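This report concerns only the one structure given below.
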Amino acid sequence: QVQLVESGGGLVQAGGSLRLSCAASGRAFSMHAMGWFRQAPGKEREFVAAISRSGGIVYYADSVKGRFTISRDNAKNTVYLQMNSLKPEDTAVYYCAADLTLSTGVVTSRNDYDYWGQGTQVSVSS
């Protein structure tokens, strides 16, 4: 079992920044590729960013590339999502996810993730 707890969401004005954290427990965190997804009202959950288990490979959705940065601290069992230059269209519930397949690369499909956090709300006002 892996437990994931997101934090750091909130309300911010357009152009502002937030940093999301996802704390993991239960299994060897450094063995898991991790990802961030988001879901806006009435829309499907979409991929945002992914990071390999070593942190050496990252991948972003085109919509956030250049504005968001995913990172991880395996000593703290935590993955982060630094979000800069936020836009109203970034408003969504953000979820972190863990992949248990021992992949050494990144995982971008939501169907390939095994565990999910409960989500944290990010709201960006115009």
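The way I read the labels, and the way they are meant: chains A, B, ... in the order of the structure tokens, residue 1 as the first residue of every chain, and ligand 1 as the first ligand shown, with later ones counted on from there.
When the distance limit is 6 Å and only C-alpha atoms are what count, the residues near Gln39 of chain A, minus those fewer than 6 positions from it on the same chain, are A:Arg45, A:Ala92, A:Val93.
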Which polymer residues have any atom within 8 Å of an atom of Trp36 of chain A, counting only C-alpha atoms, with same-chain residues fewer than 3 positions away left out, as a PyMOL selection string?
chain A and resi 47-50+81+94-97
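Counting only C-alpha atoms, Thr91 of chain A has the following residues at most 6 Å away, ignoring those fewer than 2 positions along the same chain: Pro88, Glu89, Val122, Ser123 and Val124 of chain A.
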Could you check the closest approach to Gly10 of chain A for each of A:Asp114, A:Asp99, A:Asp73, A:Asp90 and tell me which residue wins, using only C-alpha atoms?
A:Asp90
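Shortest separation to Asn111 of chain A among A:Thr69, A:Glu46, A:Pro41, A:Ser85 occurs at residue A:Glu46, atoms counted being only C-alpha atoms.
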Strand (DSSP E or B) per DSSP on the backbone: members of chain A, as a count of residues only
61
Calculated over only C-alpha atoms, which of the candidates A:Gln82, A:Ser109, A:Thr101, A:Gln121 has the smallest distance to Arg19 of chain A?
A:Gln82
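One finds atom CA of Gly35 of chain A at 11.4 Å from atom CA of Leu4 of chain A.
Closest approach to Thr108 of chain A among A:Glu44, A:Ala33, A:Ser54, A:Ala75: A:Ala33, based on only C-alpha atoms.
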Contact residues around Arg72 of chain A with only C-alpha atoms at 10 Å, ignoring same-chain residues under 6 positions, as a ChimeraX atom specification
/A:21-22,29-30,34,51-56,78-81
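Coordinates place atom CA of Val5 of chain A at a distance of 17.6 Å from atom CA of Met31 of chain A.
Closest approach to Thr104 of chain A among A:Ala23, A:Leu18, A:Met83, A:Ile57 is made by A:Ile57 (distances from only C-alpha atoms).
Backbone DSSP assigns helix (DSSP H, G or I) in segment 13-98 of chain A to Phe29, Ser30, Met31, Pro88, Glu89 and Asp90 of chain A.
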Mind dumping the selected residues with all heavy atoms as a PDB file, in the first residue's frame?
ATOM      1  N   PHE A  29       9.574   4.868  -1.449  1.00  0.00           N
ATOM      2  CA  PHE A  29       9.183   5.963  -2.329  1.00  0.00           C
ATOM      3  C   PHE A  29      10.096   6.062  -3.533  1.00  0.00           C
ATOM      4  O   PHE A  29       9.654   6.326  -4.650  1.00  0.00           O
ATOM      5  CB  PHE A  29       9.195   7.261  -1.524  1.00  0.00           C
ATOM      6  CG  PHE A  29       8.910   8.483  -2.333  1.00  0.00           C
ATOM      7  CD1 PHE A  29       7.625   8.749  -2.763  1.00  0.00           C
ATOM      8  CD2 PHE A  29       9.908   9.385  -2.641  1.00  0.00           C
ATOM      9  CE1 PHE A  29       7.341   9.888  -3.499  1.00  0.00           C
ATOM     10  CE2 PHE A  29       9.650  10.521  -3.367  1.00  0.00           C
ATOM     11  CZ  PHE A  29       8.357  10.776  -3.804  1.00  0.00           C
ATOM     12  N   SER A  30      11.385   5.848  -3.323  1.00  0.00           N
ATOM     13  CA  SER A  30      12.343   6.034  -4.409  1.00  0.00           C
ATOM     14  C   SER A  30      12.204   4.986  -5.517  1.00  0.00           C
ATOM     15  O   SER A  30      12.850   5.094  -6.554  1.00  0.00           O
ATOM     16  CB  SER A  30      13.770   5.999  -3.852  1.00  0.00           C
ATOM     17  OG  SER A  30      14.032   4.735  -3.269  1.00  0.00           O
ATOM     18  N   MET A  31      11.359   3.983  -5.308  1.00  0.00           N
ATOM     19  CA  MET A  31      11.137   2.950  -6.330  1.00  0.00           C
ATOM     20  C   MET A  31      10.010   3.332  -7.284  1.00  0.00           C
ATOM     21  O   MET A  31       9.738   2.598  -8.236  1.00  0.00           O
ATOM     22  CB  MET A  31      10.805   1.623  -5.657  1.00  0.00           C
ATOM     23  CG  MET A  31      11.890   1.111  -4.742  1.00  0.00           C
ATOM     24  SD  MET A  31      13.442   0.833  -5.607  1.00  0.00           S
ATOM     25  CE  MET A  31      13.011  -0.595  -6.596  1.00  0.00           C
ATOM     26  N   PRO A  88      -6.045  31.447 -15.065  1.00  0.00           N
ATOM     27  CA  PRO A  88      -7.359  30.948 -14.630  1.00  0.00           C
ATOM     28  C   PRO A  88      -7.648  29.539 -15.134  1.00  0.00           C
ATOM     29  O   PRO A  88      -8.307  28.752 -14.431  1.00  0.00           O
ATOM     30  CB  PRO A  88      -8.330  31.978 -15.232  1.00  0.00           C
ATOM     31  CG  PRO A  88      -7.531  33.242 -15.279  1.00  0.00           C
ATOM     32  CD  PRO A  88      -6.134  32.803 -15.635  1.00  0.00           C
ATOM     33  N   GLU A  89      -7.162  29.183 -16.288  1.00  0.00           N
ATOM     34  CA  GLU A  89      -7.411  27.843 -16.833  1.00  0.00           C
ATOM     35  C   GLU A  89      -6.633  26.749 -16.102  1.00  0.00           C
ATOM     36  O   GLU A  89      -6.836  25.561 -16.369  1.00  0.00           O
ATOM     37  CB  GLU A  89      -7.107  27.786 -18.336  1.00  0.00           C
ATOM     38  CG  GLU A  89      -5.757  28.331 -18.724  1.00  0.00           C
ATOM     39  CD  GLU A  89      -5.822  29.774 -19.197  1.00  0.00           C
ATOM     40  OE1 GLU A  89      -6.526  30.590 -18.549  1.00  0.00           O
ATOM     41  OE2 GLU A  89      -5.156  30.092 -20.203  1.00  0.00           O
ATOM     42  N   ASP A  90      -5.759  27.132 -15.179  1.00  0.00           N
ATOM     43  CA  ASP A  90      -5.083  26.141 -14.334  1.00  0.00           C
ATOM     44  C   ASP A  90      -5.950  25.724 -13.143  1.00  0.00           C
ATOM     45  O   ASP A  90      -5.574  24.820 -12.394  1.00  0.00           O
ATOM     46  CB  ASP A  90      -3.753  26.697 -13.812  1.00  0.00           C
ATOM     47  CG  ASP A  90      -2.740  26.944 -14.914  1.00  0.00           C
ATOM     48  OD1 ASP A  90      -2.619  26.092 -15.814  1.00  0.00           O
ATOM     49  OD2 ASP A  90      -2.072  27.999 -14.868  1.00  0.00           O
TER      50      ASP A  90
END
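From atom CA of Gly15 of chain A back to atom CA of Ser126 of chain A, the distance works out to 8.9 Å.
If you measure from each of A:Ala40, A:Val106, A:Ala28, A:Val58 to Lys76 of chain A using only C-alpha atoms, the closest one turns out to be A:Ala28.
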